[in-house]
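work31.cif, holding mmCIF, C-alpha atoms:
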data_work
#
loop_
_atom_site.group_PDB
_atom_site.id
_atom_site.type_symbol
_atom_site.label_atom_id
_atom_site.label_comp_id
_atom_site.auth_asym_id
_atom_site.auth_seq_id
_atom_site.Cartn_x
_atom_site.Cartn_y
_atom_site.Cartn_z
ATOM 1 C CA MET A 1 -16.575 84.681 -24.256
ATOM 2 C CA ALA A 2 -20.125 84.474 -25.612
ATOM 3 C CA LYS A 3 -22.492 81.846 -24.211
ATOM 4 C CA GLY A 4 -22.234 78.577 -26.112
ATOM 5 C CA GLU A 5 -18.747 79.439 -27.386
ATOM 6 C CA TYR A 6 -16.074 76.907 -26.447
ATOM 7 C CA LEU A 7 -12.306 76.961 -26.334
ATOM 8 C CA GLY A 8 -10.681 74.860 -29.021
ATOM 9 C CA GLU A 9 -8.231 72.190 -27.801
ATOM 10 C CA PHE A 10 -5.128 74.138 -28.777
ATOM 11 C CA GLU A 11 -6.634 77.413 -27.509
ATOM 12 C CA HIS A 12 -7.228 75.674 -24.178
ATOM 13 C CA ILE A 13 -3.592 74.516 -24.022
ATOM 14 C CA VAL A 14 -2.187 77.933 -24.972
ATOM 15 C CA LEU A 15 -4.415 79.757 -22.485
ATOM 16 C CA LEU A 16 -3.345 77.399 -19.673
ATOM 17 C CA ILE A 17 0.313 77.868 -20.603
ATOM 18 C CA VAL A 18 -0.066 81.679 -20.545
ATOM 19 C CA LEU A 19 -1.591 81.307 -17.064
ATOM 20 C CA ARG A 20 1.231 78.974 -15.920
ATOM 21 C CA LEU A 21 3.951 81.321 -17.194
ATOM 22 C CA GLY A 22 2.399 84.448 -15.698
ATOM 23 C CA ASP A 23 2.455 87.990 -17.062
ATOM 24 C CA GLY A 24 5.045 88.633 -19.750
ATOM 25 C CA ALA A 25 4.965 85.273 -21.510
ATOM 26 C CA TYR A 26 5.831 85.565 -25.193
ATOM 27 C CA GLY A 27 5.636 83.390 -28.313
ATOM 28 C CA ALA A 28 8.942 81.466 -28.135
ATOM 29 C CA MET A 29 8.597 80.978 -24.371
ATOM 30 C CA ILE A 30 5.004 79.738 -24.711
ATOM 31 C CA ARG A 31 5.970 77.315 -27.478
ATOM 32 C CA ALA A 32 8.872 75.935 -25.413
ATOM 33 C CA GLU A 33 6.590 75.415 -22.412
ATOM 34 C CA ILE A 34 3.966 73.639 -24.541
ATOM 35 C CA GLU A 35 6.714 71.349 -25.810
ATOM 36 C CA ARG A 36 7.996 70.686 -22.268
ATOM 37 C CA VAL A 37 4.584 70.010 -20.726
ATOM 38 C CA THR A 38 2.714 68.208 -23.514
ATOM 39 C CA GLY A 39 5.501 66.750 -25.652
ATOM 40 C CA ARG A 40 3.912 68.397 -28.694
ATOM 41 C CA SER A 41 6.034 70.682 -30.819
ATOM 42 C CA PRO A 42 3.668 73.204 -32.410
ATOM 43 C CA ALA A 43 4.789 75.504 -35.207
ATOM 44 C CA ILE A 44 5.504 79.041 -34.021
ATOM 45 C CA GLY A 45 2.934 80.348 -36.532
ATOM 46 C CA ALA A 46 0.238 78.176 -34.961
ATOM 47 C CA VAL A 47 1.104 79.503 -31.488
ATOM 48 C CA HIS A 48 0.933 83.134 -32.608
ATOM 49 C CA ALA A 49 -2.256 82.647 -34.630
ATOM 50 C CA THR A 50 -3.867 81.082 -31.548
ATOM 51 C CA LEU A 51 -2.642 83.879 -29.280
ATOM 52 C CA GLU A 52 -4.121 86.430 -31.692
ATOM 53 C CA ARG A 53 -7.419 84.564 -31.722
ATOM 54 C CA LEU A 54 -7.460 84.514 -27.905
ATOM 55 C CA GLU A 55 -6.704 88.229 -27.821
ATOM 56 C CA ARG A 56 -9.542 88.987 -30.202
ATOM 57 C CA LYS A 57 -11.825 87.058 -27.862
ATOM 58 C CA ARG A 58 -10.418 89.280 -25.051
ATOM 59 C CA LEU A 59 -9.173 86.251 -23.116
ATOM 60 C CA VAL A 60 -5.577 87.531 -23.141
ATOM 61 C CA SER A 61 -4.019 90.930 -23.713
ATOM 62 C CA SER A 62 -0.628 91.814 -25.173
ATOM 63 C CA TRP A 63 1.945 94.539 -25.240
ATOM 64 C CA ILE A 64 5.137 95.092 -27.199
ATOM 65 C CA GLY A 65 8.500 94.994 -25.389
ATOM 66 C CA GLU A 66 11.869 96.412 -26.359
ATOM 67 C CA PRO A 67 13.710 95.136 -29.456
ATOM 68 C CA THR A 68 16.731 92.953 -28.643
ATOM 69 C CA ALA A 69 19.785 91.917 -30.683
ATOM 70 C CA GLU A 70 19.241 88.183 -30.036
ATOM 71 C CA ARG A 71 15.875 88.514 -31.805
ATOM 72 C CA GLY A 72 17.343 90.233 -34.855
ATOM 73 C CA GLY A 73 16.233 93.628 -33.577
ATOM 74 C CA LYS A 74 12.603 92.547 -33.212
ATOM 75 C CA ALA A 75 10.585 93.235 -30.093
ATOM 76 C CA LYS A 76 8.884 90.563 -28.002
ATOM 77 C CA ARG A 77 5.113 90.515 -27.876
ATOM 78 C CA HIS A 78 4.213 89.765 -24.267
ATOM 79 C CA PHE A 79 0.901 88.249 -23.170
ATOM 80 C CA LYS A 80 -1.084 88.049 -19.972
ATOM 81 C CA ILE A 81 -4.323 86.296 -19.190
ATOM 82 C CA GLU A 82 -7.415 88.439 -18.566
ATOM 83 C CA ALA A 83 -10.324 87.838 -16.171
ATOM 84 C CA ALA A 84 -12.402 86.543 -19.104
ATOM 85 C CA GLY A 85 -9.613 84.060 -19.847
ATOM 86 C CA ILE A 86 -9.687 82.715 -16.270
ATOM 87 C CA SER A 87 -13.463 82.456 -16.532
ATOM 88 C CA ALA A 88 -13.200 80.574 -19.862
ATOM 89 C CA LEU A 89 -10.738 78.119 -18.277
ATOM 90 C CA LYS A 90 -13.100 77.559 -15.322
ATOM 91 C CA ASP A 91 -15.975 76.888 -17.738
ATOM 92 C CA ALA A 92 -13.848 74.477 -19.777
ATOM 93 C CA ARG A 93 -12.738 72.588 -16.666
ATOM 94 C CA GLY A 94 -16.347 72.432 -15.385
ATOM 95 C CA THR A 95 -17.514 71.050 -18.725
ATOM 96 C CA LEU A 96 -14.766 68.393 -18.750
ATOM 97 C CA GLU A 97 -15.512 67.400 -15.150
ATOM 98 C CA ARG A 98 -19.221 67.008 -15.933
ATOM 99 C CA LEU A 99 -18.362 64.939 -19.008
ATOM 100 C CA HIS A 100 -16.053 62.689 -16.981
ATOM 101 C CA ALA A 101 -18.480 62.280 -14.077
ATOM 102 C CA GLY A 102 -19.688 58.709 -13.743
ATOM 103 C CA VAL A 103 -17.591 57.468 -16.657
ATOM 104 C CA SER A 104 -14.997 54.744 -16.142
ATOM 105 C CA LEU A 105 -11.797 55.146 -18.114
ATOM 106 C CA GLN A 106 -10.669 51.578 -17.457
ATOM 107 C CA GLU A 107 -10.448 49.586 -20.678
ATOM 108 C CA ALA A 108 -12.947 46.784 -21.023
ATOM 109 C CA THR A 109 -11.293 43.392 -20.607
ATOM 110 C CA ALA A 110 -12.115 40.595 -23.003
ATOM 111 C CA MET B 1 20.120 84.202 -47.034
ATOM 112 C CA GLY B 2 18.302 81.391 -45.199
ATOM 113 C CA ILE B 3 16.658 83.597 -42.651
ATOM 114 C CA ASP B 4 15.805 86.184 -45.340
ATOM 115 C CA LEU B 5 13.715 83.623 -47.202
ATOM 116 C CA GLU B 6 11.873 82.705 -44.007
ATOM 117 C CA VAL B 7 11.332 86.357 -43.163
ATOM 118 C CA ALA B 8 9.952 87.009 -46.645
ATOM 119 C CA LEU B 9 7.567 84.044 -46.400
ATOM 120 C CA ILE B 10 6.272 85.027 -42.969
ATOM 121 C CA ARG B 11 5.827 88.657 -44.052
ATOM 122 C CA ALA B 12 3.953 87.543 -47.161
ATOM 123 C CA LEU B 13 1.527 85.350 -45.231
ATOM 124 C CA ALA B 14 1.020 86.828 -41.776
ATOM 125 C CA PRO B 15 -0.636 90.145 -40.895
ATOM 126 C CA SER B 16 2.164 92.699 -40.331
ATOM 127 C CA ASP B 17 1.768 92.975 -36.530
ATOM 128 C CA LEU B 18 1.891 89.198 -36.165
ATOM 129 C CA ALA B 19 4.775 88.775 -38.625
ATOM 130 C CA GLU B 20 7.263 90.867 -36.634
ATOM 131 C CA ALA B 21 6.675 88.876 -33.424
ATOM 132 C CA ILE B 22 7.044 85.578 -35.288
ATOM 133 C CA ILE B 23 10.244 86.681 -37.022
ATOM 134 C CA GLY B 24 11.718 87.714 -33.646
ATOM 135 C CA ASP B 25 10.819 84.334 -32.136
ATOM 136 C CA LEU B 26 12.369 82.534 -35.114
ATOM 137 C CA HIS B 27 15.599 84.521 -34.677
ATOM 138 C CA GLU B 28 15.677 83.777 -30.962
ATOM 139 C CA ARG B 29 15.075 80.039 -31.395
ATOM 140 C CA ARG B 30 17.561 79.770 -34.226
ATOM 141 C CA ALA B 31 20.236 81.518 -32.151
ATOM 142 C CA ALA B 32 19.551 79.166 -29.212
ATOM 143 C CA LEU B 33 19.613 76.046 -31.400
ATOM 144 C CA ALA B 34 22.796 77.185 -33.173
ATOM 145 C CA GLN B 35 24.647 77.115 -29.831
ATOM 146 C CA THR B 36 23.738 73.486 -29.150
ATOM 147 C CA LEU B 37 23.208 71.931 -32.597
ATOM 148 C CA GLY B 38 25.279 74.112 -34.918
ATOM 149 C CA ASP B 39 24.268 76.582 -37.616
ATOM 150 C CA SER B 40 23.121 74.170 -40.313
ATOM 151 C CA LYS B 41 20.774 72.192 -38.029
ATOM 152 C CA ALA B 42 19.439 75.403 -36.522
ATOM 153 C CA LEU B 43 18.702 76.729 -40.004
ATOM 154 C CA ALA B 44 16.963 73.471 -40.978
ATOM 155 C CA ALA B 45 14.850 73.572 -37.807
ATOM 156 C CA SER B 46 13.942 77.189 -38.479
ATOM 157 C CA ARG B 47 12.914 76.417 -42.062
ATOM 158 C CA SER B 48 10.860 73.448 -40.953
ATOM 159 C CA ASP B 49 9.160 75.697 -38.403
ATOM 160 C CA VAL B 50 8.270 78.215 -41.111
ATOM 161 C CA VAL B 51 6.897 75.512 -43.424
ATOM 162 C CA ARG B 52 4.782 74.039 -40.603
ATOM 163 C CA SER B 53 3.512 77.548 -39.812
ATOM 164 C CA LEU B 54 2.268 78.249 -43.332
ATOM 165 C CA PHE B 55 -1.131 76.569 -43.067
ATOM 166 C CA SER B 56 -1.936 78.123 -39.669
ATOM 167 C CA LEU B 57 -0.957 81.580 -40.863
ATOM 168 C CA LEU B 58 -2.861 81.277 -44.129
ATOM 169 C CA ALA B 59 -5.991 80.049 -42.346
ATOM 170 C CA TYR B 60 -5.749 82.711 -39.651
ATOM 171 C CA GLY B 61 -5.073 85.507 -42.171
ATOM 172 C CA ALA B 62 -8.058 84.453 -44.263
ATOM 173 C CA SER B 63 -10.435 84.190 -41.289
ATOM 174 C CA ARG B 64 -9.275 87.540 -39.879
ATOM 175 C CA SER B 65 -9.624 89.255 -43.238
ATOM 176 C CA LEU B 66 -13.092 87.772 -43.684
ATOM 177 C CA ALA B 67 -14.212 88.781 -40.192
ATOM 178 C CA ASP B 68 -12.801 92.324 -40.462
ATOM 179 C CA ASN B 69 -13.454 93.300 -44.020
ATOM 180 C CA TRP B 70 -16.188 91.256 -45.607
ATOM 181 C CA VAL B 71 -18.816 94.037 -45.735
ATOM 182 C CA PHE B 72 -16.397 96.530 -47.273
ATOM 183 C CA ALA B 73 -14.946 93.928 -49.652
ATOM 184 C CA LEU B 74 -18.404 92.783 -50.743
ATOM 185 C CA ALA B 75 -19.481 96.393 -51.366
ATOM 186 C CA CYS B 76 -16.361 96.997 -53.502
ATOM 187 C CA ALA B 77 -17.035 93.795 -55.439
ATOM 188 C CA ALA B 78 -20.735 94.641 -55.949
ATOM 189 C CA VAL B 79 -19.962 98.131 -57.295
ATOM 190 C CA THR B 80 -17.246 96.736 -59.585
ATOM 191 C CA CYS B 81 -19.507 93.950 -60.842
ATOM 192 C CA ALA B 82 -22.351 96.426 -61.524
ATOM 193 C CA LEU B 83 -19.936 98.621 -63.501
ATOM 194 C CA CYS B 84 -18.662 95.577 -65.434
ATOM 195 C CA VAL B 85 -22.173 94.476 -66.410
ATOM 196 C CA ALA B 86 -23.371 98.024 -67.204
ATOM 197 C CA THR B 87 -20.411 98.762 -69.498
ATOM 198 C CA ILE B 88 -20.632 95.540 -71.583
ATOM 199 C CA PRO B 89 -22.523 97.297 -74.462
ATOM 200 C CA LEU B 90 -20.096 100.237 -74.344
ATOM 201 C CA TRP B 91 -17.004 98.031 -74.828
ATOM 202 C CA ASN B 92 -18.672 96.274 -77.765
ATOM 203 C CA GLN B 93 -19.575 99.607 -79.382
ATOM 204 C CA ILE B 94 -16.062 101.023 -79.239
ATOM 205 C CA GLY B 95 -14.472 97.782 -80.430
ATOM 206 C CA PHE B 96 -12.995 96.587 -77.111
ATOM 207 C CA GLY B 97 -15.438 93.730 -76.590
ATOM 208 C CA GLY B 98 -13.093 90.801 -77.393
ATOM 209 C CA ALA B 99 -11.907 88.161 -74.935
ATOM 210 C CA GLY B 100 -8.402 89.635 -74.834
ATOM 211 C CA TYR B 101 -9.706 93.045 -73.803
ATOM 212 C CA HIS B 102 -11.973 91.372 -71.228
ATOM 213 C CA VAL B 103 -8.965 89.647 -69.613
ATOM 214 C CA LEU B 104 -7.063 92.941 -69.689
ATOM 215 C CA ARG B 105 -9.972 94.717 -67.950
ATOM 216 C CA LEU B 106 -10.119 92.017 -65.262
ATOM 217 C CA ALA B 107 -6.347 92.291 -64.739
ATOM 218 C CA ILE B 108 -6.705 96.065 -64.265
ATOM 219 C CA ILE B 109 -9.601 95.488 -61.829
ATOM 220 C CA GLY B 110 -7.380 93.013 -59.910
ATOM 221 C CA LEU B 111 -4.631 95.622 -59.763
ATOM 222 C CA VAL B 112 -7.009 98.342 -58.505
ATOM 223 C CA LEU B 113 -8.738 96.136 -55.909
ATOM 224 C CA GLY B 114 -5.357 94.781 -54.821
ATOM 225 C CA CYS B 115 -4.243 98.311 -53.996
ATOM 226 C CA ILE B 116 -7.230 98.955 -51.705
ATOM 227 C CA PRO B 117 -6.010 97.670 -48.314
ATOM 228 C CA ARG B 118 -9.326 96.434 -46.899
ATOM 229 C CA ALA B 119 -10.631 95.060 -50.199
ATOM 230 C CA SER B 120 -7.805 93.232 -51.946
ATOM 231 C CA THR B 121 -8.056 89.439 -52.278
ATOM 232 C CA LEU B 122 -11.418 89.151 -50.554
ATOM 233 C CA SER B 123 -13.027 91.621 -52.994
ATOM 234 C CA CYS B 124 -11.615 89.712 -55.944
ATOM 235 C CA ALA B 125 -13.083 86.475 -54.543
ATOM 236 C CA PHE B 126 -16.501 88.110 -54.061
ATOM 237 C CA LEU B 127 -16.249 89.652 -57.520
ATOM 238 C CA LEU B 128 -15.650 86.230 -59.061
ATOM 239 C CA LEU B 129 -18.748 84.877 -57.325
ATOM 240 C CA LEU B 130 -20.825 87.841 -58.527
ATOM 241 C CA ILE B 131 -19.463 87.578 -62.078
ATOM 242 C CA GLY B 132 -20.309 83.868 -62.075
ATOM 243 C CA ALA B 133 -23.841 84.630 -60.832
ATOM 244 C CA ALA B 134 -24.257 87.423 -63.413
ATOM 245 C CA ASP B 135 -23.006 85.183 -66.248
ATOM 246 C CA TRP B 136 -25.355 82.440 -65.070
ATOM 247 C CA ALA B 137 -28.309 84.846 -64.905
ATOM 248 C CA ILE B 138 -27.578 86.330 -68.336
ATOM 249 C CA ASP B 139 -27.189 82.946 -70.070
ATOM 250 C CA VAL B 140 -29.652 80.069 -70.280
ATOM 251 C CA HIS B 141 -29.433 77.496 -67.445
ATOM 252 C CA GLU B 142 -28.015 74.562 -69.362
ATOM 253 C CA THR B 143 -25.163 72.191 -68.527
ATOM 254 C CA ALA B 144 -23.065 73.484 -71.415
ATOM 255 C CA VAL B 145 -23.563 77.018 -70.145
ATOM 256 C CA ALA B 146 -22.492 75.976 -66.638
ATOM 257 C CA TRP B 147 -19.146 74.796 -67.993
ATOM 258 C CA ARG B 148 -18.785 78.007 -69.994
ATOM 259 C CA VAL B 149 -19.539 80.104 -66.908
ATOM 260 C CA LEU B 150 -16.995 78.099 -64.905
ATOM 261 C CA SER B 151 -14.323 78.528 -67.566
ATOM 262 C CA LEU B 152 -15.016 82.283 -67.771
ATOM 263 C CA VAL B 153 -14.834 82.627 -63.983
ATOM 264 C CA LEU B 154 -11.587 80.632 -63.981
ATOM 265 C CA GLN B 155 -10.163 82.864 -66.708
ATOM 266 C CA ASP B 156 -11.175 86.003 -64.783
ATOM 267 C CA GLY B 157 -9.765 84.528 -61.583
ATOM 268 C CA ILE B 158 -6.410 83.830 -63.225
ATOM 269 C CA ALA B 159 -6.263 87.390 -64.618
ATOM 270 C CA MET B 160 -7.000 88.977 -61.221
ATOM 271 C CA GLY B 161 -4.934 86.422 -59.289
ATOM 272 C CA ALA B 162 -1.889 87.115 -61.455
ATOM 273 C CA MET B 163 -2.143 90.830 -60.659
ATOM 274 C CA LEU B 164 -2.602 90.160 -56.930
ATOM 275 C CA ALA B 165 0.443 87.861 -56.955
ATOM 276 C CA MET B 166 2.443 90.505 -58.795
ATOM 277 C CA LEU B 167 1.407 93.150 -56.237
ATOM 278 C CA SER B 168 2.439 90.830 -53.364
ATOM 279 C CA LEU B 169 5.807 90.270 -55.007
ATOM 280 C CA VAL B 170 6.364 94.021 -55.486
ATOM 281 C CA ARG B 171 5.437 94.662 -51.826
ATOM 282 C CA LEU B 172 7.754 91.871 -50.714
ATOM 283 C CA LEU B 173 10.682 93.297 -52.663
ATOM 284 C CA ARG B 174 10.058 96.812 -51.372
ATOM 285 C CA GLU B 175 9.774 95.686 -47.728
ATOM 286 C CA PRO B 176 12.948 96.458 -45.725
ATOM 287 C CA ALA B 177 14.616 93.281 -44.328
#
Rewrite the structure from the file as structure tokens, please.
Amino acid sequence: MAKGEYLGEFEHIVLLIVLRLGDGAYGAMIRAEIERVTGRSPAIGAVHATLERLERKRLVSSWIGEPTAERGGKAKRHFKIEAAGISALKDARGTLERLHAGVSLQEATA
Amino acid sequence: MGIDLEVALIRALAPSDLAEAIIGDLHERRAALAQTLGDSKALAASRSDVVRSLFSLLAYGASRSLADNWVFALACAAVTCALCVATIPLWNQIGFGGAGYHVLRLAIIGLVLGCIPRASTLSCAFLLLLIGAADWAIDVHETAVAWRVLSLVLQDGIAMGAMLAMLSLVRLLREPA
């Protein structure tokens, strides 16, 4: 990822989920895991659009699997995280840690 | 029938490579939900998923098209606009200078640009901007003229947009399920 370019919030979540699921994760599986971990239920179109965006940034790569009957004869599109994706996640975590450093999250009491 | 409508919507909005993966995921989720919730609830969930996907897919499709094709689309629009402006006297001379003929010409341009894969909608949008700029440059810069330019651009946009919509519909109907 180019210097000064940041992961969007949903990109960050999707990239982390692809990393958690390991090689071979695909759209429906990624969406289900996002729902399980975050409680959010994103639209499948949003998940795929984000995966495409991440692939165009070369943070993940994809390949097409075999068509199956349970998917109406459509093939799965599998994803895996690339080295640049790991690096982007490290950068994002570093940025968040620096932002949190020295800041108290306790609510002020009246 | 339900899933066909969803498939048609996704195919109309998403780039083709993306659409097939999404349709497969929709099938898979619907089949899983049908086992636990029943067919009608699974269908409703699937439809809701498609509706919630529309904005993301539209936005992504537009940004991808812009990133991939804007130079080509702008070149197509510039050449078309130059031809439009250069042939204005010709149309008047041969008696095809009226507003009706103008709309017809724009509809034909929409049809032609719509058939060029990398130009299509983006070229029509650029062409509208260029036509607006050309109209503005040709006429005097007055408020009344601004409204006239806007109404002309709107009229041209409707003519080209109608052709693009018609092309999308034809492609949708010809697409195998």
In Å, with one decimal, what is the gap from atom CA of Ser53 of chain B to atom CA of His27 of chain B? 14.9 Å
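Evaluated against the shown file, the PyMOL selection byres ((chain B and resi 173) around 12) gives B:Asp4, B:Leu5, B:Val7, B:Ala8, B:Leu9, B:Arg11, B:Ala12, B:Met166, B:Leu167, B:Ser168, B:Leu169, B:Val170, B:Arg171, B:Leu172, B:Arg174, B:Glu175, B:Pro176, B:Ala177.
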Considering all atoms listed in the file, tabulate each residue of chain B that lies at most 9 Å from chain A along with its nearest interatomic pair and the corresponding distance in Å to one decimal; arrange the rows by chain and ascending residue number and present them as JSON lines.
{"residue": "B:Ile10", "atom": "CA", "partner": "A:Gly45", "partner_atom": "CA", "distance": 8.6}
{"residue": "B:Ala14", "atom": "CA", "partner": "A:Gly45", "partner_atom": "CA", "distance": 8.6}
{"residue": "B:Leu18", "atom": "CA", "partner": "A:His48", "partner_atom": "CA", "distance": 7.1}
{"residue": "B:Ala19", "atom": "CA", "partner": "A:Gly45", "partner_atom": "CA", "distance": 8.9}
{"residue": "B:Glu20", "atom": "CA", "partner": "A:Lys74", "partner_atom": "CA", "distance": 6.6}
{"residue": "B:Ala21", "atom": "CA", "partner": "A:Arg77", "partner_atom": "CA", "distance": 6.0}
{"residue": "B:Ile22", "atom": "CA", "partner": "A:Gly45", "partner_atom": "CA", "distance": 6.8}
{"residue": "B:Ile23", "atom": "CA", "partner": "A:Lys74", "partner_atom": "CA", "distance": 7.4}
{"residue": "B:Gly24", "atom": "CA", "partner": "A:Arg71", "partner_atom": "CA", "distance": 4.6}
{"residue": "B:Asp25", "atom": "CA", "partner": "A:Ala28", "partner_atom": "CA", "distance": 5.3}
{"residue": "B:Leu26", "atom": "CA", "partner": "A:Arg71", "partner_atom": "CA", "distance": 7.7}
{"residue": "B:His27", "atom": "CA", "partner": "A:Arg71", "partner_atom": "CA", "distance": 4.9}
{"residue": "B:Glu28", "atom": "CA", "partner": "A:Arg71", "partner_atom": "CA", "distance": 4.8}
{"residue": "B:Arg29", "atom": "CA", "partner": "A:Ala28", "partner_atom": "CA", "distance": 7.1}
{"residue": "B:Ala31", "atom": "CA", "partner": "A:Glu70", "partner_atom": "CA", "distance": 7.1}
{"residue": "B:Ser48", "atom": "CA", "partner": "A:Ala43", "partner_atom": "CA", "distance": 8.6}
{"residue": "B:Asp49", "atom": "CA", "partner": "A:Ala43", "partner_atom": "CA", "distance": 5.4}
{"residue": "B:Val50", "atom": "CA", "partner": "A:Gly45", "partner_atom": "CA", "distance": 7.3}
{"residue": "B:Val51", "atom": "CA", "partner": "A:Ala43", "partner_atom": "CA", "distance": 8.5}
{"residue": "B:Arg52", "atom": "CA", "partner": "A:Ala43", "partner_atom": "CA", "distance": 5.6}
{"residue": "B:Ser53", "atom": "CA", "partner": "A:Gly45", "partner_atom": "CA", "distance": 4.4}
{"residue": "B:Leu54", "atom": "CA", "partner": "A:Gly45", "partner_atom": "CA", "distance": 7.1}
{"residue": "B:Phe55", "atom": "CA", "partner": "A:Ala46", "partner_atom": "CA", "distance": 8.4}
{"residue": "B:Ser56", "atom": "CA", "partner": "A:Ala46", "partner_atom": "CA", "distance": 5.2}
{"residue": "B:Leu57", "atom": "CA", "partner": "A:Gly45", "partner_atom": "CA", "distance": 6.0}
{"residue": "B:Ala59", "atom": "CA", "partner": "A:Ala49", "partner_atom": "CA", "distance": 9.0}
{"residue": "B:Tyr60", "atom": "CA", "partner": "A:Ala49", "partner_atom": "CA", "distance": 6.1}
{"residue": "B:Gly61", "atom": "CA", "partner": "A:Ala49", "partner_atom": "CA", "distance": 8.5}
{"residue": "B:Arg64", "atom": "CA", "partner": "A:Arg53", "partner_atom": "CA", "distance": 8.9}
In Å to one decimal, how far is atom CA of Ala67 of chain B from atom CA of Pro117 of chain B? 14.6 Å
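Straight-line separation from atom CA of Ser61 of chain A to atom CA of Ile81 of chain A: 6.5 Å.
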Edge lengths and centre in Å to one decimal, as AutoDock Vina command-line options, is what I'm after for the box along x, y and z that holds all listed atoms of segment 35-51 of chain A once 4 Å is added on each side.
--center_x 2.1 --center_y 75.3 --center_z -28.6 --size_x 19.9 --size_y 25.1 --size_z 23.8
